[in-house]
>>> print(open('data04.cif').read())   # mmCIF, C-alpha atoms
data_run
#
loop_
_atom_site.group_PDB
_atom_site.id
_atom_site.type_symbol
_atom_site.label_atom_id
_atom_site.label_comp_id
_atom_site.auth_asym_id
_atom_site.auth_seq_id
_atom_site.Cartn_x
_atom_site.Cartn_y
_atom_site.Cartn_z
ATOM 1 C CA GLN F 38 31.789 -20.872 7.643
ATOM 2 C CA GLN F 39 33.451 -17.826 6.111
ATOM 3 C CA VAL F 40 31.287 -18.241 3.016
ATOM 4 C CA GLN F 41 28.123 -18.555 5.096
ATOM 5 C CA ASP F 42 29.055 -15.505 7.174
ATOM 6 C CA PHE F 43 29.612 -13.491 4.005
ATOM 7 C CA ILE F 44 26.246 -14.563 2.596
ATOM 8 C CA ALA F 45 24.501 -13.687 5.874
ATOM 9 C CA ALA F 46 26.146 -10.254 6.104
ATOM 10 C CA ASP F 47 25.722 -9.623 2.348
ATOM 11 C CA PRO F 48 27.926 -6.493 2.288
ATOM 12 C CA LEU F 49 27.344 -5.975 -1.439
ATOM 13 C CA VAL F 50 23.534 -5.816 -1.314
ATOM 14 C CA SER F 51 23.468 -2.000 -1.507
ATOM 15 C CA HIS F 52 25.626 -2.067 -4.637
ATOM 16 C CA ARG F 53 23.537 -4.776 -6.300
ATOM 17 C CA LEU F 54 20.335 -2.949 -5.455
ATOM 18 C CA ALA F 55 21.587 0.394 -6.774
ATOM 19 C CA LEU F 56 22.901 -1.222 -9.956
ATOM 20 C CA GLY F 57 19.620 -3.073 -10.414
ATOM 21 C CA LEU F 58 17.591 0.124 -10.125
ATOM 22 C CA ALA F 59 19.898 1.891 -12.573
ATOM 23 C CA TRP F 60 19.615 -1.084 -14.941
ATOM 24 C CA ALA F 61 15.802 -0.901 -14.775
ATOM 25 C CA ALA F 62 15.885 2.811 -15.606
ATOM 26 C CA ALA F 63 18.141 2.175 -18.590
ATOM 27 C CA HIS F 64 16.334 -0.850 -20.027
ATOM 28 C CA CYS F 65 12.622 -0.190 -19.429
ATOM 29 C CA THR F 66 10.900 1.594 -22.298
ATOM 30 C CA GLN F 67 8.201 3.040 -20.010
ATOM 31 C CA ALA F 68 7.870 4.312 -16.469
ATOM 32 C CA VAL F 69 9.000 1.778 -13.863
ATOM 33 C CA THR F 70 6.240 1.102 -11.328
ATOM 34 C CA VAL F 71 7.212 1.539 -7.673
ATOM 35 C CA TYR F 72 4.712 -0.038 -5.263
ATOM 36 C CA LEU F 73 4.351 0.790 -1.564
ATOM 37 C CA GLY F 74 3.151 -2.317 0.261
ATOM 38 C CA HIS F 75 3.463 -4.168 3.545
ATOM 39 C CA GLY F 76 4.952 -7.512 4.497
ATOM 40 C CA MET F 77 2.072 -9.080 6.424
ATOM 41 C CA GLY F 78 0.576 -11.223 3.665
ATOM 42 C CA GLY F 79 -3.165 -11.454 3.110
ATOM 43 C CA GLY F 80 -5.351 -10.296 0.256
ATOM 44 C CA ALA F 81 -3.513 -7.033 -0.372
ATOM 45 C CA GLU F 82 -0.279 -8.992 -0.790
ATOM 46 C CA LEU F 83 -1.889 -11.425 -3.243
ATOM 47 C CA ASP F 84 -3.157 -8.502 -5.297
ATOM 48 C CA LEU F 85 0.258 -6.821 -5.124
ATOM 49 C CA ALA F 86 1.999 -9.996 -6.311
ATOM 50 C CA ARG F 87 -0.265 -10.102 -9.374
ATOM 51 C CA ARG F 88 0.421 -6.454 -10.153
ATOM 52 C CA VAL F 89 4.183 -6.838 -9.736
ATOM 53 C CA ALA F 90 4.215 -9.898 -12.004
ATOM 54 C CA ALA F 91 2.246 -7.994 -14.646
ATOM 55 C CA SER F 92 4.636 -5.021 -14.401
ATOM 56 C CA VAL F 93 7.689 -7.259 -14.794
ATOM 57 C CA GLU F 94 6.118 -8.995 -17.794
ATOM 58 C CA GLN F 95 5.177 -5.703 -19.431
ATOM 59 C CA CYS F 96 8.154 -3.532 -18.516
ATOM 60 C CA GLY F 97 10.874 -5.972 -17.463
ATOM 61 C CA ALA F 98 11.126 -4.649 -13.899
ATOM 62 C CA ALA F 99 9.169 -3.396 -10.893
ATOM 63 C CA VAL F 100 10.116 -2.039 -7.484
ATOM 64 C CA VAL F 101 8.385 -2.722 -4.159
ATOM 65 C CA ILE F 102 8.961 -0.625 -1.035
ATOM 66 C CA ARG F 103 7.696 -2.592 1.974
ATOM 67 C CA VAL F 104 6.905 -1.248 5.422
ATOM 68 C CA GLY F 105 6.440 -3.135 8.671
ATOM 69 C CA GLN F 106 9.766 -4.995 8.535
ATOM 70 C CA THR F 107 12.643 -5.000 11.055
ATOM 71 C CA LEU F 108 13.904 -1.780 9.477
ATOM 72 C CA ARG F 109 11.309 0.677 8.201
ATOM 73 C CA TRP F 110 11.977 0.325 4.473
ATOM 74 C CA GLN F 111 12.586 -2.891 2.548
ATOM 75 C CA ILE F 112 13.381 -2.072 -1.083
ATOM 76 C CA GLU F 113 12.863 -4.886 -3.577
ATOM 77 C CA MET F 114 14.016 -4.823 -7.190
ATOM 78 C CA HIS F 115 11.943 -7.353 -9.196
ATOM 79 C CA SER F 116 12.993 -8.497 -12.656
ATOM 80 C CA THR F 117 12.854 -11.616 -14.807
ATOM 81 C CA GLY F 118 16.170 -12.568 -13.189
ATOM 82 C CA GLY F 119 14.764 -12.625 -9.654
ATOM 83 C CA VAL F 120 14.491 -10.278 -6.674
ATOM 84 C CA THR F 121 17.164 -8.211 -4.907
ATOM 85 C CA ARG F 122 16.259 -6.872 -1.447
ATOM 86 C CA GLY F 123 17.811 -4.347 0.903
ATOM 87 C CA THR F 124 16.565 -2.686 4.100
ATOM 88 C CA THR F 125 17.161 0.698 5.694
ATOM 89 C CA ASP F 126 15.711 3.166 8.188
ATOM 90 C CA ASP F 127 17.101 6.115 6.223
ATOM 91 C CA VAL F 128 14.458 8.058 4.254
ATOM 92 C CA ALA F 129 17.170 10.079 2.506
ATOM 93 C CA LEU F 130 18.795 6.865 1.242
ATOM 94 C CA LEU F 131 15.409 5.613 0.051
ATOM 95 C CA CYS F 132 14.913 8.836 -1.932
ATOM 96 C CA ARG F 133 18.418 8.623 -3.439
ATOM 97 C CA LEU F 134 17.804 5.062 -4.567
ATOM 98 C CA MET F 135 14.480 6.028 -6.145
ATOM 99 C CA ASP F 136 16.225 8.878 -7.986
ATOM 100 C CA LEU F 137 18.157 6.213 -9.882
ATOM 101 C CA ILE F 138 14.851 5.684 -11.746
ATOM 102 C CA PRO F 139 13.930 9.145 -13.079
ATOM 103 C CA ASP F 140 10.884 7.827 -14.957
ATOM 104 C CA ARG F 141 8.820 6.099 -12.265
ATOM 105 C CA ARG F 142 5.156 5.706 -11.345
ATOM 106 C CA ILE F 143 4.252 5.417 -7.655
ATOM 107 C CA VAL F 144 1.439 3.067 -6.613
ATOM 108 C CA TYR F 145 0.268 3.048 -2.993
ATOM 109 C CA SER F 146 -1.019 -0.456 -2.266
ATOM 110 C CA CYS F 147 -1.100 -0.652 1.552
ATOM 111 C CA GLY F 148 0.768 1.031 4.403
ATOM 112 C CA VAL F 149 -0.700 -0.926 7.318
ATOM 113 C CA GLY F 150 2.082 -2.010 9.672
ATOM 114 C CA ASP F 151 4.311 1.005 9.120
ATOM 115 C CA CYS F 152 5.846 2.456 12.291
ATOM 116 C CA ASP F 153 4.796 6.008 11.358
ATOM 117 C CA PRO F 154 1.966 5.935 8.784
ATOM 118 C CA PHE F 155 1.191 9.611 9.456
ATOM 119 C CA SER F 156 4.396 10.489 7.571
ATOM 120 C CA LEU F 157 3.850 8.092 4.644
ATOM 121 C CA PRO F 158 2.076 10.677 2.451
ATOM 122 C CA ASP F 159 5.048 13.042 2.705
ATOM 123 C CA VAL F 160 7.496 10.258 1.809
ATOM 124 C CA LEU F 161 5.441 9.187 -1.211
ATOM 125 C CA LEU F 162 5.108 12.786 -2.380
ATOM 126 C CA LYS F 163 8.894 13.147 -2.116
ATOM 127 C CA ILE F 164 9.536 10.208 -4.421
ATOM 128 C CA ALA F 165 6.658 10.945 -6.817
ATOM 129 C CA THR F 166 7.543 12.270 -10.274
ATOM 130 C CA ASP F 167 5.776 13.214 -13.493
ATOM 131 C CA GLY F 168 5.290 9.471 -14.037
ATOM 132 C CA GLY F 169 2.175 9.695 -11.889
ATOM 133 C CA LEU F 170 0.752 8.535 -8.590
ATOM 134 C CA GLU F 171 -1.949 5.929 -7.990
ATOM 135 C CA MET F 172 -3.761 4.846 -4.828
ATOM 136 C CA LEU F 173 -5.403 1.475 -4.149
ATOM 137 C CA PHE F 174 -7.876 1.072 -1.292
ATOM 138 C CA HIS F 175 -7.472 -2.403 0.196
ATOM 139 C CA ASP F 176 -8.396 -0.861 3.565
ATOM 140 C CA TYR F 177 -9.112 2.591 4.967
ATOM 141 C CA LEU F 178 -5.780 3.625 6.481
ATOM 142 C CA PRO F 179 -5.820 6.967 4.610
ATOM 143 C CA LEU F 180 -9.140 7.739 6.327
ATOM 144 C CA SER F 181 -8.169 6.803 9.879
ATOM 145 C CA PRO F 182 -5.492 5.083 11.994
ATOM 146 C CA SER F 183 -8.297 2.570 12.632
ATOM 147 C CA TYR F 184 -7.932 1.180 9.124
ATOM 148 C CA THR F 185 -11.125 -0.908 9.368
ATOM 149 C CA LEU F 186 -12.957 2.211 10.631
ATOM 150 C CA LEU F 187 -14.044 0.464 13.833
ATOM 151 C CA ALA F 188 -14.577 2.838 16.751
ATOM 152 C CA ARG F 189 -13.302 2.371 20.304
ATOM 153 C CA ASP F 190 -16.315 0.156 21.093
ATOM 154 C CA GLY F 191 -15.356 -2.219 18.260
ATOM 155 C CA LEU F 192 -18.317 -1.199 16.095
ATOM 156 C CA PHE F 193 -18.634 0.602 12.768
ATOM 157 C CA HIS F 194 -20.535 3.875 13.053
ATOM 158 C CA GLY F 195 -20.025 5.092 9.504
ATOM 159 C CA VAL F 196 -17.196 7.232 8.216
ATOM 160 C CA PRO F 197 -15.837 9.133 11.252
ATOM 161 C CA PRO F 198 -15.969 12.923 10.833
ATOM 162 C CA ALA F 199 -12.625 14.701 10.844
ATOM 163 C CA ASP F 200 -13.398 16.290 14.212
ATOM 164 C CA SER F 201 -13.969 12.928 15.907
ATOM 165 C CA THR F 202 -12.212 12.550 19.238
ATOM 166 C CA ASP F 203 -12.704 8.788 19.489
ATOM 167 C CA PRO F 204 -9.312 7.395 20.632
ATOM 168 C CA ALA F 205 -9.523 4.643 18.000
ATOM 169 C CA HIS F 206 -9.271 7.324 15.329
ATOM 170 C CA THR F 207 -6.178 9.003 16.745
ATOM 171 C CA ALA F 208 -2.565 7.888 16.491
ATOM 172 C CA ARG F 209 0.682 8.191 18.418
ATOM 173 C CA ARG F 210 3.865 8.727 16.426
ATOM 174 C CA PRO F 211 7.208 7.118 17.396
ATOM 175 C CA ASN F 212 8.297 10.390 19.035
ATOM 176 C CA GLY F 213 5.222 10.319 21.288
ATOM 177 C CA GLU F 214 3.315 13.024 19.406
ATOM 178 C CA ARG F 215 -0.454 12.472 19.429
ATOM 179 C CA VAL F 216 -2.111 12.935 16.020
ATOM 180 C CA SER F 217 -5.779 13.903 15.779
ATOM 181 C CA LEU F 218 -8.035 12.513 13.087
ATOM 182 C CA ALA F 219 -8.253 15.990 11.524
ATOM 183 C CA ALA F 220 -4.455 16.151 11.186
ATOM 184 C CA TRP F 221 -4.329 12.564 9.911
ATOM 185 C CA ARG F 222 -7.008 13.223 7.278
ATOM 186 C CA HIS F 223 -5.266 16.469 6.238
ATOM 187 C CA ALA F 224 -1.951 14.660 5.690
ATOM 188 C CA TRP F 225 -3.468 11.923 3.571
ATOM 189 C CA ALA F 226 -5.674 14.387 1.656
ATOM 190 C CA ARG F 227 -2.498 15.889 0.170
ATOM 191 C CA LEU F 228 -1.619 12.493 -1.275
ATOM 192 C CA MET F 229 -5.175 11.922 -2.475
ATOM 193 C CA ARG F 230 -5.227 15.237 -4.325
ATOM 194 C CA ALA F 231 -1.862 14.503 -5.958
ATOM 195 C CA ALA F 232 -3.016 11.080 -7.220
ATOM 196 C CA ASP F 233 -4.080 10.877 -10.837
ATOM 197 C CA HIS F 234 -5.896 7.578 -10.222
ATOM 198 C CA ILE F 235 -7.726 6.219 -7.161
ATOM 199 C CA GLU F 236 -8.973 2.636 -7.316
ATOM 200 C CA VAL F 237 -11.485 0.911 -5.045
ATOM 201 C CA PHE F 238 -12.875 -2.599 -5.311
ATOM 202 C CA SER F 239 -16.557 -2.153 -4.443
ATOM 203 C CA GLU F 240 -19.279 0.471 -4.677
ATOM 204 C CA ASN F 241 -19.400 0.562 -0.885
ATOM 205 C CA SER F 242 -15.707 1.459 -0.760
ATOM 206 C CA ARG F 243 -16.260 4.170 -3.352
ATOM 207 C CA SER F 244 -18.954 5.719 -1.152
ATOM 208 C CA ILE F 245 -16.805 5.521 1.999
ATOM 209 C CA VAL F 246 -13.730 7.066 0.380
ATOM 210 C CA ALA F 247 -15.763 9.780 -1.355
ATOM 211 C CA THR F 248 -17.402 10.696 1.960
ATOM 212 C CA ALA F 249 -14.001 11.283 3.584
ATOM 213 C CA PHE F 250 -12.430 12.958 0.537
ATOM 214 C CA PRO F 251 -15.289 14.534 -1.452
ATOM 215 C CA GLU F 252 -12.877 16.686 -3.441
ATOM 216 C CA CYS F 253 -11.425 13.494 -4.971
ATOM 217 C CA ALA F 254 -14.723 11.725 -5.725
ATOM 218 C CA GLU F 255 -14.461 12.243 -9.484
ATOM 219 C CA LYS F 256 -11.101 10.438 -9.616
ATOM 220 C CA ILE F 257 -12.323 7.269 -7.903
ATOM 221 C CA GLU F 258 -12.671 4.220 -10.151
ATOM 222 C CA MET F 259 -14.383 1.034 -8.998
ATOM 223 C CA ARG F 260 -12.750 -2.130 -10.333
ATOM 224 C CA PRO F 261 -13.710 -5.372 -8.539
ATOM 225 C CA HIS F 262 -11.045 -7.939 -7.760
ATOM 226 C CA ALA F 263 -10.803 -10.963 -10.009
ATOM 227 C CA LEU F 264 -11.009 -14.218 -8.063
ATOM 228 C CA LEU F 265 -7.676 -15.934 -7.528
ATOM 229 C CA HIS F 266 -9.315 -19.329 -7.971
ATOM 230 C CA PRO F 267 -12.718 -20.474 -9.215
ATOM 231 C CA VAL F 268 -15.182 -21.135 -6.378
ATOM 232 C CA PRO F 269 -17.514 -24.039 -7.161
ATOM 233 C CA SER F 270 -21.060 -24.064 -5.868
ATOM 234 C CA ALA F 271 -21.429 -26.443 -2.918
ATOM 235 C CA GLN F 272 -24.952 -27.377 -3.935
ATOM 236 C CA LYS F 273 -27.813 -26.070 -5.981
ATOM 237 C CA PRO F 274 -30.235 -24.097 -3.786
ATOM 238 C CA ARG F 275 -33.729 -25.464 -3.386
ATOM 239 C CA PRO F 276 -36.447 -23.108 -4.649
ATOM 240 C CA GLU F 277 -38.157 -23.069 -1.254
ATOM 241 C CA ALA F 278 -34.955 -22.541 0.753
ATOM 242 C CA SER F 279 -34.035 -19.255 2.431
ATOM 243 C CA PRO F 280 -31.097 -17.354 0.947
ATOM 244 C CA VAL F 281 -27.766 -18.044 2.638
ATOM 245 C CA ILE F 282 -24.791 -15.680 2.702
ATOM 246 C CA GLY F 283 -21.397 -17.287 3.331
ATOM 247 C CA ILE F 284 -18.571 -15.068 4.635
ATOM 248 C CA LEU F 285 -15.239 -16.571 3.646
ATOM 249 C CA GLY F 286 -11.814 -15.702 4.998
ATOM 250 C CA ASN F 287 -10.055 -14.904 8.246
ATOM 251 C CA SER F 288 -12.928 -13.206 10.055
ATOM 252 C CA GLY F 289 -11.584 -10.627 12.497
ATOM 253 C CA ALA F 290 -13.572 -8.190 14.607
ATOM 254 C CA HIS F 291 -14.306 -5.979 11.602
#
>>> encode(input="data04.cif", output="structure tokens")
Amino acid sequence: QQVQDFIAADPLVSHRLALGLAWAAAHCTQAVTVYLGHGMGGGAELDLARRVAASVEQCGAAVVIRVGQTLRWQIEMHSTGGVTRGTTDDVALLCRLMDLIPDRRIVYSCGVGDCDPFSLPDVLLKIATDGGLEMLFHDYLPLSPSYTLLARDGLFHGVPPADSTDPAHTARRPNGERVSLAAWRHAWARLMRAADHIEVFSENSRSIVATAFPECAEKIEMRPHALLHPVPSAQKPRPEASPVIGILGNSGAH
């Protein structure tokens, strides 16, 4: 029981994590990629897993900072030897741990599920270095707290203007402060302008993001997802048949 209690408490996780990050900085011959993701699964997580695996294969290590866990930050050190994880609510500790990797590249994958997404841009700018900053648009959280862009009535009315007062496009911070869409957009625009690469996965997404952040339109690159698995055709369409569009996946309101 003493052994099991020790494993459950894991008092040495902070030391292992810090040593792992320092090891990555010493052994990687290029910038170590630090991803910001969530822990809710889904398509963004599948894409993140592919990117992390590619980073580990290419560089030998990768770091994932996850939001939406029991504590705000879960820091994961990925290497060919496995994964070391630690959690904290302390932003200052997160920054100190990231400083163990002076040459790092920050990649925003998805912040949905974070307890205070309004502050995420400031945190990412704090840990960003000359290694660069990249943004991936799996959803539209940087455009609005309503990350699918649905309005209060549950419908999509186009990209909401910054002066929108629709409650769906406002947020409440943990301290009770109400954040307008204009303030939200302003906070995320700082991160958008700092990014050297912005990636979307469809032409429609490019148009939506460019409408909200026109000053960043030239940096947006469209790169469609590769399918995780081949999708066979169910049957060959008959020449006289009407076209059919199949929508696959977990179909929510959006």
>>> resolve_selection(input="data04.cif", expression="the PyMOL selection byres ((chain F and resi 100-106) around 6)", output="ChimeraX atom specification")
/F:71-75,99,107-115,150-151
>>> resolve_selection(input="data04.cif", expression="the PyMOL selection byres ((chain F and resi 187) around 12)", output="number ranges by chain")
F: 176-178, 180-186, 188-197, 203-207, 289-291
>>> closest_residue(input="data04.cif", among="F:Leu58, F:Arg122, F:Leu228, F:Gly283", to="Lys163 of chain F", atoms="only C-alpha atoms")
F:Leu228
>>> resolve_selection(input="data04.cif", expression="the PyMOL selection byres ((chain F and resi 67) around 8)", output="ChimeraX atom specification")
/F:65-66,68-69,96,140
>>> closest_residue(input="data04.cif", among="F:Gln272, F:Ala199, F:His266, F:Ala45", to="Phe250 of chain F", atoms="only C-alpha atoms")
F:Ala199
>>> closest_residue(input="data04.cif", among="F:Ile235, F:Arg230, F:Ser201, F:Val40", to="Ser217 of chain F", atoms="all atoms listed in the file")
F:Ser201
>>> atom_distance(input="data04.cif", atom1="atom CA of Met77 of chain F", atom2="atom CA of Leu170 of chain F")
23.2 Å
>>> closest_residue(input="data04.cif", among="F:Pro179, F:Gly148, F:Asp159, F:Ser51", to="Thr124 of chain F", atoms="only C-alpha atoms")
F:Ser51
>>> atom_distance(input="data04.cif", atom1="atom CA of Leu137 of chain F", atom2="atom CA of Ile164 of chain F")
11.0 Å
>>> closest_atom_pairs(input="data04.cif", of="segment 51-155 of chain F", to="segment 221-226 of chain F", cutoff="12 Å", atoms="only C-alpha atoms", output="tab-separated table")
residue	atom	partner	partner_atom	distance
F:Tyr145	CA	F:Trp225	CA	11.7
F:Gly148	CA	F:Trp225	CA	11.7
F:Asp153	CA	F:Trp221	CA	11.3
F:Pro154	CA	F:Trp221	CA	9.2
F:Phe155	CA	F:Trp221	CA	6.3
>>> atom_distance(input="data04.cif", atom1="atom CA of Gly76 of chain F", atom2="atom CA of Phe174 of chain F")
16.5 Å
>>> closest_residue(input="data04.cif", among="F:Lys256, F:Arg141, F:Arg53, F:Arg243", to="Ala98 of chain F", atoms="only C-alpha atoms")
F:Arg141
>>> decode(input="data04.cif", residues="segment 77-178 of chain F", atoms="C-alpha atoms", output="PDB file, in the first residue's frame")
ATOM      1  CA  MET F  77     -11.594  16.810 -24.630  1.00  0.00           C
ATOM      2  CA  GLY F  78     -10.697  14.522 -27.529  1.00  0.00           C
ATOM      3  CA  GLY F  79     -12.273  14.910 -30.953  1.00  0.00           C
ATOM      4  CA  GLY F  80     -10.810  15.920 -34.286  1.00  0.00           C
ATOM      5  CA  ALA F  81      -8.493  18.602 -32.922  1.00  0.00           C
ATOM      6  CA  GLU F  82      -6.959  16.020 -30.586  1.00  0.00           C
ATOM      7  CA  LEU F  83      -6.444  13.531 -33.426  1.00  0.00           C
ATOM      8  CA  ASP F  84      -4.692  16.216 -35.451  1.00  0.00           C
ATOM      9  CA  LEU F  85      -2.604  17.218 -32.425  1.00  0.00           C
ATOM     10  CA  ALA F  86      -1.545  13.607 -31.827  1.00  0.00           C
ATOM     11  CA  ARG F  87      -0.280  13.375 -35.413  1.00  0.00           C
ATOM     12  CA  ARG F  88       1.653  16.620 -35.066  1.00  0.00           C
ATOM     13  CA  VAL F  89       3.194  15.609 -31.737  1.00  0.00           C
ATOM     14  CA  ALA F  90       4.261  12.236 -33.150  1.00  0.00           C
ATOM     15  CA  ALA F  91       5.858  13.963 -36.140  1.00  0.00           C
ATOM     16  CA  SER F  92       7.682  16.420 -33.850  1.00  0.00           C
ATOM     17  CA  VAL F  93       9.029  13.609 -31.668  1.00  0.00           C
ATOM     18  CA  GLU F  94      10.187  11.683 -34.739  1.00  0.00           C
ATOM     19  CA  GLN F  95      11.868  14.737 -36.239  1.00  0.00           C
ATOM     20  CA  CYS F  96      13.251  16.432 -33.136  1.00  0.00           C
ATOM     21  CA  GLY F  97      13.198  13.754 -30.437  1.00  0.00           C
ATOM     22  CA  ALA F  98      10.784  15.634 -28.169  1.00  0.00           C
ATOM     23  CA  ALA F  99       7.641  17.766 -28.046  1.00  0.00           C
ATOM     24  CA  VAL F 100       5.725  19.520 -25.287  1.00  0.00           C
ATOM     25  CA  VAL F 101       1.943  19.800 -24.913  1.00  0.00           C
ATOM     26  CA  ILE F 102       0.254  22.285 -22.576  1.00  0.00           C
ATOM     27  CA  ARG F 103      -3.357  21.181 -22.065  1.00  0.00           C
ATOM     28  CA  VAL F 104      -6.221  23.259 -20.726  1.00  0.00           C
ATOM     29  CA  GLY F 105      -9.586  22.123 -19.414  1.00  0.00           C
ATOM     30  CA  GLN F 106      -8.207  19.671 -16.840  1.00  0.00           C
ATOM     31  CA  THR F 107      -8.739  19.580 -13.054  1.00  0.00           C
ATOM     32  CA  LEU F 108      -5.966  22.156 -12.700  1.00  0.00           C
ATOM     33  CA  ARG F 109      -5.663  24.786 -15.417  1.00  0.00           C
ATOM     34  CA  TRP F 110      -2.380  23.637 -16.957  1.00  0.00           C
ATOM     35  CA  GLN F 111      -1.329  20.065 -17.710  1.00  0.00           C
ATOM     36  CA  ILE F 112       2.244  20.039 -19.022  1.00  0.00           C
ATOM     37  CA  GLU F 113       3.268  16.967 -21.002  1.00  0.00           C
ATOM     38  CA  MET F 114       6.819  16.146 -22.052  1.00  0.00           C
ATOM     39  CA  HIS F 115       6.704  13.733 -25.033  1.00  0.00           C
ATOM     40  CA  SER F 116       9.765  11.796 -26.153  1.00  0.00           C
ATOM     41  CA  THR F 117      10.631   8.420 -27.646  1.00  0.00           C
ATOM     42  CA  GLY F 118      10.817   7.167 -24.052  1.00  0.00           C
ATOM     43  CA  GLY F 119       7.198   8.027 -23.255  1.00  0.00           C
ATOM     44  CA  VAL F 120       5.244  10.889 -21.688  1.00  0.00           C
ATOM     45  CA  THR F 121       5.750  12.697 -18.369  1.00  0.00           C
ATOM     46  CA  ARG F 122       2.814  14.795 -17.118  1.00  0.00           C
ATOM     47  CA  GLY F 123       2.376  17.365 -14.378  1.00  0.00           C
ATOM     48  CA  THR F 124      -0.443  19.790 -13.536  1.00  0.00           C
ATOM     49  CA  THR F 125      -0.549  23.233 -11.959  1.00  0.00           C
ATOM     50  CA  ASP F 126      -2.696  26.346 -11.631  1.00  0.00           C
ATOM     51  CA  ASP F 127       0.388  28.565 -11.399  1.00  0.00           C
ATOM     52  CA  VAL F 128       1.096  30.581 -14.573  1.00  0.00           C
ATOM     53  CA  ALA F 129       4.459  31.693 -13.180  1.00  0.00           C
ATOM     54  CA  LEU F 130       5.510  28.053 -12.721  1.00  0.00           C
ATOM     55  CA  LEU F 131       4.372  27.272 -16.264  1.00  0.00           C
ATOM     56  CA  CYS F 132       6.550  30.111 -17.591  1.00  0.00           C
ATOM     57  CA  ARG F 133       9.559  28.962 -15.536  1.00  0.00           C
ATOM     58  CA  LEU F 134       9.233  25.438 -16.878  1.00  0.00           C
ATOM     59  CA  MET F 135       9.014  26.714 -20.456  1.00  0.00           C
ATOM     60  CA  ASP F 136      12.158  28.793 -19.867  1.00  0.00           C
ATOM     61  CA  LEU F 137      14.024  25.507 -19.475  1.00  0.00           C
ATOM     62  CA  ILE F 138      13.660  25.285 -23.283  1.00  0.00           C
ATOM     63  CA  PRO F 139      15.149  28.555 -24.587  1.00  0.00           C
ATOM     64  CA  ASP F 140      14.731  27.519 -28.233  1.00  0.00           C
ATOM     65  CA  ARG F 141      11.017  26.739 -28.548  1.00  0.00           C
ATOM     66  CA  ARG F 142       8.244  27.227 -31.096  1.00  0.00           C
ATOM     67  CA  ILE F 143       4.703  27.796 -29.811  1.00  0.00           C
ATOM     68  CA  VAL F 144       1.774  26.257 -31.699  1.00  0.00           C
ATOM     69  CA  TYR F 145      -1.781  27.124 -30.659  1.00  0.00           C
ATOM     70  CA  SER F 146      -3.951  24.124 -31.525  1.00  0.00           C
ATOM     71  CA  CYS F 147      -7.139  24.650 -29.480  1.00  0.00           C
ATOM     72  CA  GLY F 148      -8.033  26.439 -26.248  1.00  0.00           C
ATOM     73  CA  VAL F 149     -11.673  25.366 -25.958  1.00  0.00           C
ATOM     74  CA  GLY F 150     -12.399  24.221 -22.406  1.00  0.00           C
ATOM     75  CA  ASP F 151     -10.002  26.603 -20.689  1.00  0.00           C
ATOM     76  CA  CYS F 152     -11.392  28.291 -17.568  1.00  0.00           C
ATOM     77  CA  ASP F 153     -10.271  31.747 -18.752  1.00  0.00           C
ATOM     78  CA  PRO F 154      -9.691  31.743 -22.534  1.00  0.00           C
ATOM     79  CA  PHE F 155      -9.696  35.560 -22.589  1.00  0.00           C
ATOM     80  CA  SER F 156      -6.256  35.450 -20.930  1.00  0.00           C
ATOM     81  CA  LEU F 157      -4.789  32.707 -23.149  1.00  0.00           C
ATOM     82  CA  PRO F 158      -3.277  35.135 -25.689  1.00  0.00           C
ATOM     83  CA  ASP F 159      -1.310  36.897 -22.946  1.00  0.00           C
ATOM     84  CA  VAL F 160      -0.015  33.581 -21.577  1.00  0.00           C
ATOM     85  CA  LEU F 161       1.077  32.386 -25.022  1.00  0.00           C
ATOM     86  CA  LEU F 162       2.777  35.706 -25.739  1.00  0.00           C
ATOM     87  CA  LYS F 163       4.647  35.383 -22.433  1.00  0.00           C
ATOM     88  CA  ILE F 164       6.095  32.003 -23.353  1.00  0.00           C
ATOM     89  CA  ALA F 165       6.714  32.823 -27.029  1.00  0.00           C
ATOM     90  CA  THR F 166      10.323  33.299 -28.141  1.00  0.00           C
ATOM     91  CA  ASP F 167      12.247  33.956 -31.341  1.00  0.00           C
ATOM     92  CA  GLY F 168      11.468  30.339 -32.263  1.00  0.00           C
ATOM     93  CA  GLY F 169       8.147  31.542 -33.639  1.00  0.00           C
ATOM     94  CA  LEU F 170       4.425  31.299 -33.052  1.00  0.00           C
ATOM     95  CA  GLU F 171       1.847  29.410 -35.108  1.00  0.00           C
ATOM     96  CA  MET F 172      -1.948  29.290 -34.915  1.00  0.00           C
ATOM     97  CA  LEU F 173      -4.231  26.476 -36.094  1.00  0.00           C
ATOM     98  CA  PHE F 174      -7.951  27.082 -36.579  1.00  0.00           C
ATOM     99  CA  HIS F 175      -9.841  23.927 -35.619  1.00  0.00           C
ATOM    100  CA  ASP F 176     -12.660  26.207 -34.422  1.00  0.00           C
ATOM    101  CA  TYR F 177     -13.283  29.930 -34.035  1.00  0.00           C
ATOM    102  CA  LEU F 178     -12.492  30.569 -30.370  1.00  0.00           C
TER     103      LEU F 178
END
